[in-house]
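Enquirer: Below is work-v6.txt; it holds compact mmCIF, C-alpha atoms and all ligand atoms.
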```
# COMPACT_ATOMS: atom_id res chain seq x y z
CA MET K 1 103.72 96.06 45.75
CA GLN K 2 104.94 97.28 49.14
CA GLY K 3 103.22 99.50 51.71
CA PHE K 4 100.15 99.57 53.95
CA ARG K 5 97.74 101.95 55.63
CA LEU K 6 97.41 102.18 59.39
CA GLN K 7 94.10 101.01 60.80
CA ASN K 8 91.65 103.85 61.38
CA GLY K 9 92.18 105.64 64.66
CA MET K 10 95.26 103.63 65.61
CA LEU K 11 97.67 105.68 67.74
CA LEU K 12 101.45 105.28 67.52
CA GLY K 13 103.88 106.07 70.28
CA ALA K 14 106.85 104.82 72.24
CA ALA K 15 107.28 102.90 75.49
CA SER K 16 109.77 103.17 78.33
CA ALA K 17 110.32 102.15 81.96
CA ALA K 18 111.38 104.46 84.80
CA THR K 19 114.58 102.65 85.83
CA GLN K 20 115.75 102.31 82.26
CA ILE K 21 115.71 106.02 81.48
CA GLU K 22 115.47 108.23 84.56
CA GLY K 23 118.77 108.05 86.42
CA GLY K 24 119.32 109.42 89.92
CA ASP K 25 117.60 106.73 92.00
CA ARG K 26 119.75 104.47 94.20
CA ASN K 27 117.07 102.89 96.33
CA ASN K 28 115.98 100.12 93.98
CA SER K 29 116.76 96.49 93.23
CA TRP K 30 118.42 97.16 89.87
CA TYR K 31 120.79 99.76 91.28
CA ASP K 32 121.68 97.17 93.91
CA TRP K 33 122.26 94.62 91.14
CA TYR K 34 124.58 97.07 89.42
CA LYS K 35 126.48 97.64 92.68
CA ARG K 36 126.95 93.90 92.90
CA GLY K 37 128.73 93.97 89.52
CA LYS K 38 126.03 92.13 87.58
CA ILE K 39 125.57 94.50 84.61
CA LYS K 40 127.58 93.08 81.71
CA ASP K 41 129.12 96.37 80.53
CA GLY K 42 129.14 98.04 83.95
CA SER K 43 126.51 100.66 83.00
CA ASP K 44 125.08 102.54 85.95
CA PRO K 45 121.26 102.77 86.05
CA ALA K 46 121.63 105.82 88.30
CA VAL K 47 122.88 107.65 85.18
CA THR K 48 121.38 106.09 82.02
CA THR K 49 119.63 108.81 79.92
CA GLU K 50 119.03 111.30 82.77
CA HIS K 51 115.42 111.51 81.68
CA TYR K 52 114.29 112.53 85.18
CA ALA K 53 116.05 115.85 84.64
CA ARG K 54 115.54 115.98 80.88
CA PHE K 55 111.89 114.95 80.55
CA ARG K 56 110.86 118.19 78.81
CA GLU K 57 113.59 117.87 76.20
CA ASP K 58 112.57 114.26 75.55
CA ALA K 59 108.88 115.09 75.36
CA GLN K 60 109.61 117.94 72.98
CA LEU K 61 111.45 115.55 70.68
CA MET K 62 108.54 113.12 70.87
CA GLN K 63 106.21 115.93 69.90
CA GLU K 64 108.46 116.94 67.01
CA LEU K 65 108.38 113.37 65.73
CA GLY K 66 104.60 113.37 66.00
CA LEU K 67 104.25 110.66 68.66
CA GLN K 68 100.63 110.45 69.74
CA THR K 69 100.92 108.46 72.92
CA TYR K 70 103.61 107.51 75.42
CA ARG K 71 103.83 104.52 77.74
CA PHE K 72 106.01 105.35 80.72
CA GLY K 73 106.65 104.13 84.24
CA ILE K 74 106.88 105.71 87.64
CA GLU K 75 109.61 104.61 90.04
CA TRP K 76 108.03 103.12 93.16
CA SER K 77 111.19 103.63 95.25
CA ARG K 78 111.15 107.35 94.52
CA LEU K 79 107.48 107.73 95.38
CA GLU K 80 107.67 105.56 98.50
CA PRO K 81 111.27 105.57 99.74
CA ALA K 82 110.27 103.78 102.96
CA PRO K 83 107.12 101.76 103.70
CA GLY K 84 104.18 104.12 104.11
CA ARG K 85 106.29 107.26 103.58
CA PHE K 86 105.30 108.88 100.31
CA ASP K 87 107.45 111.58 98.78
CA GLU K 88 105.74 114.81 97.81
CA ALA K 89 108.55 116.10 95.63
CA ALA K 90 108.61 112.92 93.53
CA THR K 91 104.82 113.04 93.24
CA ALA K 92 104.95 116.66 92.10
CA HIS K 93 107.67 115.77 89.62
CA TYR K 94 105.59 113.08 87.92
CA ARG K 95 102.55 115.34 87.85
CA GLU K 96 104.63 117.94 86.09
CA GLU K 97 105.92 115.37 83.62
CA ILE K 98 102.41 114.13 82.82
CA GLN K 99 101.03 117.66 82.51
CA ASP K 100 103.84 118.52 80.12
CA MET K 101 103.04 115.43 78.04
CA LEU K 102 99.34 116.32 77.93
CA SER K 103 100.10 119.90 76.93
CA ARG K 104 101.90 118.50 73.87
CA GLY K 105 98.89 116.37 72.90
CA ILE K 106 100.59 113.10 73.89
CA LYS K 107 98.27 110.60 75.58
CA PRO K 108 99.83 108.90 78.63
CA LEU K 109 99.67 105.18 79.45
CA LEU K 110 101.11 104.68 82.92
CA THR K 111 102.96 101.55 84.08
CA LEU K 112 102.92 101.06 87.84
CA HIS K 113 105.52 98.30 88.11
CA HIS K 114 108.25 97.55 85.58
CA PHE K 115 110.74 95.00 87.02
CA THR K 116 112.17 97.24 89.75
CA ASN K 117 111.41 97.16 93.48
CA PRO K 118 112.27 99.58 96.26
CA MET K 119 115.03 97.93 98.34
CA TRP K 120 112.79 97.77 101.42
CA PHE K 121 110.26 95.73 99.45
CA GLU K 122 112.93 93.56 97.82
CA ASN K 123 114.43 92.80 101.23
CA MET K 124 111.11 91.62 102.63
CA GLY K 125 110.73 89.03 99.85
CA ALA K 126 108.96 91.21 97.26
CA PHE K 127 106.29 89.30 95.31
CA THR K 128 106.97 85.90 96.80
CA LYS K 129 104.87 86.42 99.96
CA ARG K 130 101.17 87.00 100.22
CA GLU K 131 101.59 89.21 103.31
CA ASN K 132 103.48 91.68 101.09
CA ASP K 133 100.45 92.28 98.84
CA GLN K 134 99.33 95.14 101.06
CA TYR K 135 102.45 97.18 100.24
CA PHE K 136 101.98 97.00 96.49
CA LEU K 137 98.27 97.76 96.80
CA ALA K 138 98.96 100.78 99.02
CA PHE K 139 101.39 102.07 96.40
CA VAL K 140 98.86 101.53 93.60
CA GLU K 141 96.20 103.37 95.56
CA TYR K 142 98.55 106.26 96.26
CA ALA K 143 99.64 106.50 92.62
CA VAL K 144 96.11 106.47 91.24
CA LYS K 145 94.93 109.04 93.78
CA SER K 146 97.92 111.22 92.88
CA PHE K 147 97.74 110.94 89.08
CA GLY K 148 94.18 109.75 88.46
CA ASP K 149 92.94 113.20 87.39
CA LEU K 150 95.57 113.21 84.62
CA VAL K 151 95.77 109.57 83.55
CA SER K 152 92.93 107.24 82.64
CA GLU K 153 94.91 104.22 81.38
CA TYR K 154 97.06 101.97 83.53
CA ILE K 155 99.34 98.96 83.23
CA THR K 156 99.50 97.27 86.63
CA VAL K 157 102.62 95.15 86.15
CA ASN K 158 104.99 94.70 83.25
CA GLU K 159 105.78 91.18 82.05
CA PRO K 160 105.30 89.17 85.24
CA ASN K 161 106.64 86.10 83.41
CA VAL K 162 109.92 87.78 82.46
CA TYR K 163 110.28 89.28 85.96
CA ALA K 164 109.67 85.93 87.66
CA LEU K 165 111.87 83.99 85.23
CA GLY K 166 114.87 86.30 85.53
CA GLY K 167 114.62 86.81 89.29
CA TYR K 168 113.62 83.34 90.47
CA MET K 169 114.39 80.73 87.77
CA THR K 170 117.54 81.67 85.88
CA GLY K 171 118.74 83.89 88.74
CA GLU K 172 120.30 86.33 86.27
CA TRP K 173 118.18 89.19 87.56
CA PRO K 174 117.64 90.46 91.09
CA PRO K 175 117.25 88.87 93.58
CA GLY K 176 119.27 86.14 91.82
CA VAL K 177 117.34 83.09 93.03
CA ARG K 178 117.03 79.77 91.18
CA SER K 179 113.93 77.97 92.39
CA PHE K 180 110.93 76.71 90.44
CA GLY K 181 108.91 76.95 93.67
CA LEU K 182 109.66 80.67 94.06
CA TYR K 183 109.09 81.25 90.35
CA ARG K 184 105.58 79.82 90.82
CA LYS K 185 105.00 81.98 93.88
CA ALA K 186 106.17 85.20 92.22
CA LEU K 187 104.02 84.54 89.17
CA THR K 188 101.03 83.73 91.34
CA ARG K 189 101.38 86.89 93.44
CA MET K 190 101.79 89.06 90.36
CA ALA K 191 98.60 87.58 88.89
CA ALA K 192 96.77 88.01 92.19
CA LEU K 193 97.99 91.59 92.47
CA HIS K 194 97.01 92.45 88.93
CA ILE K 195 93.45 91.34 89.66
CA GLN K 196 93.31 93.18 92.98
CA SER K 197 94.82 96.30 91.38
CA TYR K 198 92.34 96.11 88.51
CA ALA K 199 89.47 96.44 90.98
CA LEU K 200 91.30 99.01 93.09
CA ILE K 201 92.18 101.33 90.19
CA HIS K 202 88.63 101.26 88.87
CA GLY K 203 87.33 101.94 92.38
CA VAL K 204 89.67 104.84 93.11
CA ARG K 205 89.00 106.56 89.80
CA ALA K 206 85.24 105.99 90.09
CA SER K 207 85.33 107.67 93.51
CA MET K 208 87.13 110.59 91.83
CA GLY K 209 84.20 110.83 89.41
CA TYR K 210 85.75 109.21 86.31
CA ASP K 211 84.18 106.47 84.21
CA ASP K 212 86.81 106.17 81.48
CA THR K 213 89.33 104.02 83.37
CA LYS K 214 91.18 101.31 81.45
CA VAL K 215 93.44 98.77 83.11
CA SER K 216 95.56 95.88 81.86
CA PHE K 217 98.94 94.24 82.45
CA ALA K 218 101.75 94.17 79.87
CA ASN K 219 101.97 90.59 78.72
CA HIS K 220 105.22 89.38 77.18
CA LEU K 221 104.04 86.87 74.58
CA ARG K 222 106.34 84.82 72.40
CA VAL K 223 105.64 82.39 69.60
CA PHE K 224 106.71 78.88 70.63
CA GLN K 225 107.45 76.21 68.05
CA PRO K 226 109.00 72.73 68.33
CA LYS K 227 112.34 72.42 66.56
CA ASN K 228 111.14 69.20 64.97
CA PRO K 229 107.32 69.02 64.99
CA ARG K 230 107.45 65.21 64.56
CA ASN K 231 109.58 64.70 67.65
CA PRO K 232 107.32 64.01 70.71
CA TRP K 233 109.96 65.28 73.18
CA HIS K 234 110.26 68.58 71.28
CA ARG K 235 106.47 68.85 71.25
CA PHE K 236 106.22 68.13 74.97
CA CYS K 237 108.91 70.71 75.83
CA THR K 238 107.18 73.29 73.64
CA TRP K 239 103.85 72.68 75.36
CA PHE K 240 105.43 72.78 78.83
CA SER K 241 107.52 75.91 78.14
CA GLU K 242 104.60 77.79 76.63
CA LYS K 243 102.31 76.96 79.52
CA SER K 244 104.86 77.66 82.27
CA PHE K 245 106.09 80.89 80.74
CA GLN K 246 102.95 82.53 79.37
CA GLY K 247 99.93 80.27 78.90
CA ALA K 248 98.93 79.81 82.53
CA ALA K 249 99.74 83.38 83.56
CA THR K 250 97.76 84.80 80.64
CA ARG K 251 94.66 82.78 81.61
CA ALA K 252 95.02 83.76 85.24
CA MET K 253 95.48 87.46 84.60
CA CYS K 254 92.87 87.81 81.86
CA LYS K 255 90.21 85.43 83.17
CA GLY K 256 91.09 84.59 86.77
CA GLU K 257 91.76 80.88 86.18
CA ALA K 258 94.78 79.61 88.12
CA THR K 259 96.35 76.47 86.65
CA PHE K 260 99.85 74.98 87.00
CA PRO K 261 102.46 76.39 87.44
CA LEU K 262 100.43 79.06 89.22
CA CYS K 263 99.20 78.19 92.71
CA LYS K 264 95.59 78.48 93.76
CA ASP K 265 94.94 81.83 95.39
CA PRO K 266 91.74 83.45 96.66
CA ALA K 267 92.51 86.66 94.75
CA ILE K 268 92.71 84.81 91.43
CA ARG K 269 89.00 84.51 90.84
CA PRO K 270 86.92 84.16 87.67
CA GLY K 271 86.24 87.44 85.87
CA GLU K 272 87.48 89.56 82.98
CA TRP K 273 90.46 91.45 84.28
CA CYS K 274 91.69 93.44 81.31
CA ASP K 275 89.98 96.35 79.57
CA PHE K 276 92.43 96.05 76.69
CA LEU K 277 95.00 93.45 75.75
CA ALA K 278 98.49 94.83 76.34
CA VAL K 279 100.90 92.73 74.30
CA ASN K 280 104.70 93.01 74.34
CA TYR K 281 106.13 91.10 71.42
CA TYR K 282 109.75 90.54 70.43
CA SER K 283 110.53 87.08 69.15
CA ARG K 284 109.88 83.38 68.59
CA SER K 285 111.34 80.49 70.58
CA THR K 286 112.28 77.21 68.92
CA ILE K 287 112.23 74.39 71.41
CA HIS K 288 114.01 71.04 71.64
CA ARG K 289 114.63 70.98 75.41
CA LEU K 290 113.34 72.73 78.52
CA SER K 291 114.87 76.05 77.60
CA SER K 292 114.44 78.59 74.82
CA ASP K 293 116.56 78.63 71.65
CA PHE K 294 116.49 80.20 68.19
CA ALA K 295 116.34 78.20 64.98
CA LYS K 296 119.37 78.00 62.73
CA GLY K 297 119.40 80.29 59.69
CA VAL K 298 116.56 82.59 60.77
CA PRO K 299 116.92 86.41 60.68
CA VAL K 300 118.20 87.72 64.02
CA ASN K 301 118.88 91.02 65.78
CA ASP K 302 122.13 92.05 67.51
CA LEU K 303 121.26 90.01 70.61
CA GLY K 304 120.61 86.90 68.48
CA TRP K 305 116.81 87.04 68.93
CA GLU K 306 114.83 85.78 65.95
CA ILE K 307 113.05 88.46 63.93
CA TYR K 308 109.67 86.92 63.14
CA PRO K 309 107.23 89.69 62.15
CA GLN K 310 104.21 87.47 61.55
CA GLY K 311 104.48 86.46 65.21
CA ILE K 312 103.11 89.81 66.35
CA ALA K 313 99.79 88.97 64.67
CA GLU K 314 99.93 85.37 65.93
CA VAL K 315 100.29 86.37 69.58
CA ALA K 316 97.66 89.10 69.21
CA HIS K 317 95.23 86.48 67.82
CA TYR K 318 96.13 84.16 70.69
CA ALA K 319 95.32 86.82 73.31
CA TYR K 320 92.18 87.94 71.49
CA ALA K 321 90.84 84.39 71.32
CA LEU K 322 91.04 84.22 75.11
CA LEU K 323 89.54 87.64 75.79
CA PRO K 324 88.26 89.75 72.89
CA ARG K 325 89.33 93.27 73.81
CA PRO K 326 91.01 96.13 71.90
CA ILE K 327 94.68 95.40 71.37
CA TYR K 328 97.48 97.68 72.46
CA ILE K 329 100.93 96.57 71.40
CA THR K 330 102.61 97.97 74.48
CA GLU K 331 106.13 97.01 73.34
CA ASN K 332 107.74 95.91 70.10
CA GLY K 333 111.26 96.72 69.02
CA THR K 334 114.72 95.36 68.41
CA CYS K 335 118.36 95.63 69.36
CA ASP K 336 120.05 97.09 66.28
CA ASN K 337 123.12 99.00 67.44
CA ALA K 338 123.89 100.42 63.99
CA ASP K 339 120.23 101.18 63.19
CA ALA K 340 120.76 99.09 60.07
CA PHE K 341 117.46 97.18 59.92
CA ARG K 342 115.13 98.75 62.52
CA ALA K 343 113.03 100.51 59.85
CA ARG K 344 112.40 97.23 58.04
CA TYR K 345 111.57 95.59 61.38
CA ILE K 346 109.01 98.31 62.17
CA TYR K 347 107.53 98.10 58.69
CA GLU K 348 107.07 94.35 58.78
CA HIS K 349 105.61 94.21 62.29
CA LEU K 350 103.19 97.08 61.73
CA LYS K 351 102.11 95.65 58.39
CA ALA K 352 101.43 92.24 59.92
CA LEU K 353 99.31 93.93 62.58
CA CYS K 354 97.38 96.13 60.19
CA GLU K 355 96.58 93.11 58.02
CA SER K 356 95.62 90.89 60.98
CA GLY K 357 91.94 91.83 60.97
CA LEU K 358 92.19 92.50 64.73
CA PRO K 359 91.16 95.73 66.48
CA VAL K 360 94.66 97.08 67.09
CA GLU K 361 94.26 100.50 68.67
CA ARG K 362 97.81 101.30 69.76
CA TYR K 363 101.39 100.51 68.87
CA TYR K 364 104.16 101.54 71.27
CA HIS K 365 107.62 101.13 69.84
CA TRP K 366 110.26 99.97 72.32
CA CYS K 367 111.85 102.37 72.79
CA PHE K 368 112.28 106.12 72.35
CA CYS K 369 115.92 106.78 73.36
CA ASP K 370 118.58 104.07 73.72
CA ASN K 371 118.73 103.33 77.44
CA PHE K 372 119.68 101.00 80.28
CA GLU K 373 118.85 97.60 78.82
CA TRP K 374 118.92 95.68 82.13
CA LEU K 375 121.73 93.10 82.15
CA GLU K 376 123.09 94.41 78.85
CA GLY K 377 123.37 97.96 80.19
CA GLY K 378 123.93 100.63 77.56
CA SER K 379 125.49 98.21 75.09
CA ALA K 380 122.19 97.08 73.55
CA ARG K 381 120.50 99.88 71.65
CA PHE K 382 116.74 99.64 71.05
CA GLY K 383 115.99 103.35 70.50
CA LEU K 384 114.44 105.35 67.69
CA VAL K 385 116.71 108.06 69.02
CA HIS K 386 120.44 107.61 69.65
CA THR K 387 121.73 108.46 73.12
CA ASP K 388 125.32 109.60 73.41
CA TYR K 389 125.97 108.57 77.03
CA ALA K 390 129.02 110.85 77.35
CA THR K 391 127.16 114.05 76.45
CA GLN K 392 123.50 112.96 76.78
CA LYS K 393 122.91 114.28 73.28
CA ARG K 394 119.89 112.77 71.55
CA THR K 395 120.03 112.23 67.78
CA VAL K 396 117.06 110.95 65.83
CA LYS K 397 118.02 107.79 63.93
CA LYS K 398 116.98 106.96 60.39
CA SER K 399 114.40 104.55 61.84
CA GLY K 400 113.10 107.39 64.02
CA ARG K 401 112.55 109.54 60.94
CA PHE K 402 110.80 106.61 59.26
CA TYR K 403 108.52 106.11 62.26
CA SER K 404 107.67 109.80 62.25
CA GLU K 405 106.79 109.63 58.55
CA ILE K 406 104.55 106.62 59.15
CA ILE K 407 102.56 108.67 61.67
CA ARG K 408 102.39 111.67 59.39
CA ASN K 409 101.32 109.62 56.33
CA GLN K 410 99.20 107.17 58.34
CA GLY K 411 101.00 104.32 56.66
CA VAL K 412 103.93 103.37 54.46
CA THR K 413 104.05 104.27 50.77
CA GLU K 414 106.12 102.50 48.13
CA ASP K 415 108.57 105.39 48.12
CA MET K 416 109.03 105.18 51.88
CA TYR K 417 109.56 101.46 51.62
CA ALA K 418 112.23 102.00 48.96
CA ALA K 419 113.95 104.72 50.98
CA TYR K 420 114.06 102.92 54.34
CA CYS K 421 113.29 99.22 54.21
CA GLN K 422 115.39 97.58 51.53
CA VAL K 423 118.01 96.11 53.83
CA GLU K 424 119.05 92.57 54.74
CA TYR K 425 118.82 91.03 58.20
CA ASN K 426 121.67 89.05 59.71
CA ARG K 427 121.09 85.30 60.04
CA ASN K 428 121.53 82.96 62.97
CA GLU K 429 124.59 80.86 62.24
CA ALA K 430 124.61 79.04 65.60
C1 LIG K 501 110.98 94.74 78.73
C2 LIG K 501 111.82 95.98 78.53
C3 LIG K 501 113.09 95.62 77.79
C4 LIG K 501 112.72 95.05 76.45
C5 LIG K 501 113.90 94.70 75.56
C6 LIG K 501 110.92 93.83 77.53
O1 LIG K 501 110.91 92.51 77.93
O2 LIG K 501 109.71 95.07 79.20
O3 LIG K 501 112.05 96.56 79.77
O4 LIG K 501 113.98 96.68 77.67
O5 LIG K 501 111.99 93.87 76.65
O6 LIG K 501 114.66 93.68 76.12
```
Here is a file; write its structure as structure tokens.
Ligand code: BGC
Expert:
Amino acid sequence: MQGFRLQNGMLLGAASAATQIEGGDRNNSWYDWYKRGKIKDGSDPAVTTEHYARFREDAQLMQELGLQTYRFGIEWSRLEPAPGRFDEAATAHYREEIQDMLSRGIKPLLTLHHFTNPMWFENMGAFTKRENDQYFLAFVEYAVKSFGDLVSEYITVNEPNVYALGGYMTGEWPPGVRSFGLYRKALTRMAALHIQSYALIHGVRASMGYDDTKVSFANHLRVFQPKNPRNPWHRFCTWFSEKSFQGAATRAMCKGEATFPLCKDPAIRPGEWCDFLAVNYYSRSTIHRLSSDFAKGVPVNDLGWEIYPQGIAEVAHYAYALLPRPIYITENGTCDNADAFRARYIYEHLKALCESGLPVERYYHWCFCDNFEWLEGGSARFGLVHTDYATQKRTVKKSGRFYSEIIRNQGVTEDMYAAYCQVEYNRNEA
């Protein structure tokens, strides 16, 4: 028998990031990356879904679909176009956007940093230098003072491990560096800044008279498994990859314990630095060398990433064992350009979560509208809603209708399963 009920009180929504949807900003590191010809299909992040101008239309569609909460980002380079110079028009814009969201009964979860830096910050070495901490902290303080009366829940930084890996290890992302030393530094600074921001955000909102502040960081967690569990080299590489990518950073940012590859830092001090566990989950890595691969024959999405639904519960258990806090799945989704299997993907991941026995309070599907998928540009579609980039027309996909029905019914019935989920996944032939 197929189907499940949502856990009591669990809220469902969608997640996004400013650069991926807004358009119009040319003062950031990803626009620069585009100008340097690095986006595979040539998509321009200064266009993408034009959400900055169309936020009401998008929020109205979210409301129509019944979304209860929305994780979104603010663009630092818009709010602070030059060091110390904050922009009133951009601030007013975001206040309007948040007020609109609230008026529709959609609860906001605000991300302060999601991969993109203002060019002035990028050019001074971004998160690789301790002396730059002050700039990020000043921005955080400004943002919380500006939006703190409207927003009680914050994500300090999104996926520090993915940011540091892409920018400083593989060099595929801005600033295009390949250095394990700088990877360590970037990860260390992000951890140190999360902890400092945690205290700062609580302090600022307390001084505004609020006691309902919640702060976390969005942690990209993968399942790691050795290709051959009996092979000691595969086991060693699995252990090393897990620790370097997520294990050490998770301990540092949840509990303030800095271990290799993070560097010791006075700001990384023992404590409990998350009010909820914000987990971004996409896939499982199968390891036989010091890099990440996918096992042969497993179900995969259009980017070749393994679809491993049980993993969402496994990583949630992993985080919860370290720090028992309410769980927010702050991202989960898949690249399915034809929207052929997204509904099944949603069904299986949500079911695994609801049967995990863990206190899962939120699920944010990545993402609402198809958008600028970093290196892949517009060619990789993750949305519940189709974006026609030529006309900017939004069309709710079949998976979007399914998601809306899940919220309305507070679960999936057998009939819904039959109508939406009986599809096959593609398999990894590589
Ligand atoms: C990121 C998103 C991205 C998604 C899909 C996550 O790692 O936070 O910005 O679009 O994965 O690749």
Enquirer: Go ahead and compute the interatomic distance for atom CA of K:Trp33 and atom CA of K:Pro174, in Å to one decimal.
Expert: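 Atom-to-atom, atom CA of K:Trp33 to atom CA of K:Pro174, that is 6.2 Å.
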Enquirer: Counting only C-alpha atoms, find residues at most 7 Å from (102.0, 102.1, 84.4) (file frame) and give them as a VMD selection string.
Expert: chain K and resid 72 to 74 109 to 113 154 to 156
Enquirer: Go ahead and save the picked residues with C-alpha atoms, as an mmCIF file, in the frame of the given file.
Expert:
```
data_model
loop_
_atom_site.group_PDB
_atom_site.id
_atom_site.type_symbol
_atom_site.label_atom_id
_atom_site.label_comp_id
_atom_site.auth_asym_id
_atom_site.auth_seq_id
_atom_site.Cartn_x
_atom_site.Cartn_y
_atom_site.Cartn_z
ATOM 1 C CA PHE K 72 106.010 105.350 80.720
ATOM 2 C CA GLY K 73 106.650 104.130 84.240
ATOM 3 C CA ILE K 74 106.880 105.710 87.640
ATOM 4 C CA LEU K 109 99.670 105.180 79.450
ATOM 5 C CA LEU K 110 101.110 104.680 82.920
ATOM 6 C CA THR K 111 102.960 101.550 84.080
ATOM 7 C CA LEU K 112 102.920 101.060 87.840
ATOM 8 C CA HIS K 113 105.520 98.300 88.110
ATOM 9 C CA TYR K 154 97.060 101.970 83.530
ATOM 10 C CA ILE K 155 99.340 98.960 83.230
ATOM 11 C CA THR K 156 99.500 97.270 86.630
#
```
Enquirer: Give me, as a tab-separated table, each residue of chain K that comes within 8 Å of ligand LIG 501 (chain K), together with its shortest interatomic pair and the distance in Å at one decimal, counting all atoms listed in the file, with rows ordered by chain and rising residue number.
Expert:
```
residue	atom	partner	partner_atom	distance
K:Ser16	CA	K:LIG501	O3	7.1
K:Ala17	CA	K:LIG501	O3	6.2
K:Gln20	CA	K:LIG501	O3	7.3
K:His114	CA	K:LIG501	O2	7.0
K:Phe115	CA	K:LIG501	O3	7.5
K:Asn158	CA	K:LIG501	O2	6.2
K:Glu159	CA	K:LIG501	O2	6.2
K:Val162	CA	K:LIG501	O1	6.6
K:His220	CA	K:LIG501	O1	6.5
K:Asn280	CA	K:LIG501	C6	7.0
K:Tyr282	CA	K:LIG501	O5	7.4
K:Glu331	CA	K:LIG501	C6	7.1
K:Gly333	CA	K:LIG501	C5	7.3
K:Thr334	CA	K:LIG501	C5	7.2
K:Cys335	CA	K:LIG501	C5	7.7
K:Trp366	CA	K:LIG501	C4	6.9
K:Cys367	CA	K:LIG501	O4	7.8
K:Phe372	CA	K:LIG501	O4	7.6
K:Glu373	CA	K:LIG501	O4	5.1
K:Trp374	CA	K:LIG501	O4	6.7
K:Phe382	CA	K:LIG501	C5	7.3
```
Enquirer: So what do you get for atom CA of K:Phe240 versus atom CA of K:Ser356, distance-wise?
Expert: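 Rounded to one decimal, the two atoms are 27.3 Å apart.
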Enquirer: To one decimal place in Å, what is the distance between atom CA of K:His51 and atom CA of K:Glu97?
Expert: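 Atom CA of K:Glu97 lies 10.4 Å from atom CA of K:His51.
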Enquirer: Please produce, as a Markdown table, a per-residue contact table for stretch 195-298 of chain K versus stretch 314-326 of chain K (criterion: any atom at most 12 Å away, all atoms listed in the file considered), showing the nearest atom pair and its distance in Å to one decimal, sorted by chain then residue number.
Expert:
```
| residue | atom | partner | partner_atom | distance |
| --- | --- | --- | --- | --- |
| K:Lys214 | CA | K:Pro326 | CA | 10.9 |
| K:Val215 | CA | K:Arg325 | CA | 11.6 |
| K:Ser216 | CA | K:Arg325 | CA | 10.5 |
| K:Ala218 | CA | K:Ala319 | CA | 11.8 |
| K:Asn219 | CA | K:Ala319 | CA | 9.4 |
| K:His220 | CA | K:Val315 | CA | 9.5 |
| K:Leu221 | CA | K:Val315 | CA | 6.3 |
| K:Arg222 | CA | K:Val315 | CA | 6.9 |
| K:Val223 | CA | K:Val315 | CA | 6.7 |
| K:Phe224 | CA | K:Val315 | CA | 9.9 |
| K:Glu242 | CA | K:Val315 | CA | 11.9 |
| K:Gln246 | CA | K:Ala319 | CA | 10.6 |
| K:Gly247 | CA | K:Ala319 | CA | 9.8 |
| K:Ala248 | CA | K:Leu322 | CA | 11.7 |
| K:Ala249 | CA | K:Ala319 | CA | 11.7 |
| K:Thr250 | CA | K:Ala319 | CA | 8.0 |
| K:Arg251 | CA | K:Leu322 | CA | 7.6 |
| K:Ala252 | CA | K:Leu322 | CA | 10.9 |
| K:Met253 | CA | K:Leu323 | CA | 10.6 |
| K:Cys254 | CA | K:Leu323 | CA | 6.9 |
| K:Lys255 | CA | K:Leu323 | CA | 7.7 |
| K:Gly256 | CA | K:Leu323 | CA | 11.5 |
| K:Glu257 | CA | K:Leu322 | CA | 11.6 |
| K:Gly271 | CA | K:Leu323 | CA | 10.6 |
| K:Glu272 | CA | K:Leu323 | CA | 7.7 |
| K:Trp273 | CA | K:Leu323 | CA | 9.4 |
| K:Cys274 | CA | K:Arg325 | CA | 7.9 |
| K:Asp275 | CA | K:Arg325 | CA | 6.6 |
| K:Phe276 | CA | K:Pro326 | CA | 5.0 |
| K:Leu277 | CA | K:Arg325 | CA | 6.0 |
| K:Ala278 | CA | K:Pro326 | CA | 8.8 |
| K:Val279 | CA | K:Ala316 | CA | 7.0 |
| K:Asn280 | CA | K:Val315 | CA | 9.3 |
| K:Tyr281 | CA | K:Val315 | CA | 7.7 |
| K:Tyr282 | CA | K:Val315 | CA | 10.4 |
| K:Ser283 | CA | K:Val315 | CA | 10.3 |
| K:Arg284 | CA | K:Val315 | CA | 10.1 |
```
Enquirer: Could you rebuild stretch 27-31 of chain K with N, CA, C and O atoms and give it back as a compact mmCIF listing (two decimals), in the coordinates of the input?
Expert:
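Output below, filename result-v1.txt:
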```txt
# COMPACT_ATOMS: atom_id res chain seq x y z
N ASN K 27 117.79 103.61 95.28
CA ASN K 27 117.07 102.89 96.33
C ASN K 27 116.29 101.73 95.75
O ASN K 27 115.26 101.34 96.27
N ASN K 28 116.77 101.18 94.62
CA ASN K 28 115.98 100.12 93.98
C ASN K 28 116.82 98.88 93.67
O ASN K 28 118.05 98.91 93.70
N SER K 29 116.12 97.80 93.37
CA SER K 29 116.76 96.49 93.23
C SER K 29 117.72 96.42 92.04
O SER K 29 118.68 95.64 92.07
N TRP K 30 117.50 97.22 91.01
CA TRP K 30 118.42 97.16 89.87
C TRP K 30 119.68 97.98 90.11
O TRP K 30 120.75 97.63 89.62
N TYR K 31 119.56 99.04 90.90
CA TYR K 31 120.79 99.76 91.28
C TYR K 31 121.65 98.84 92.15
O TYR K 31 122.86 98.75 92.00
```
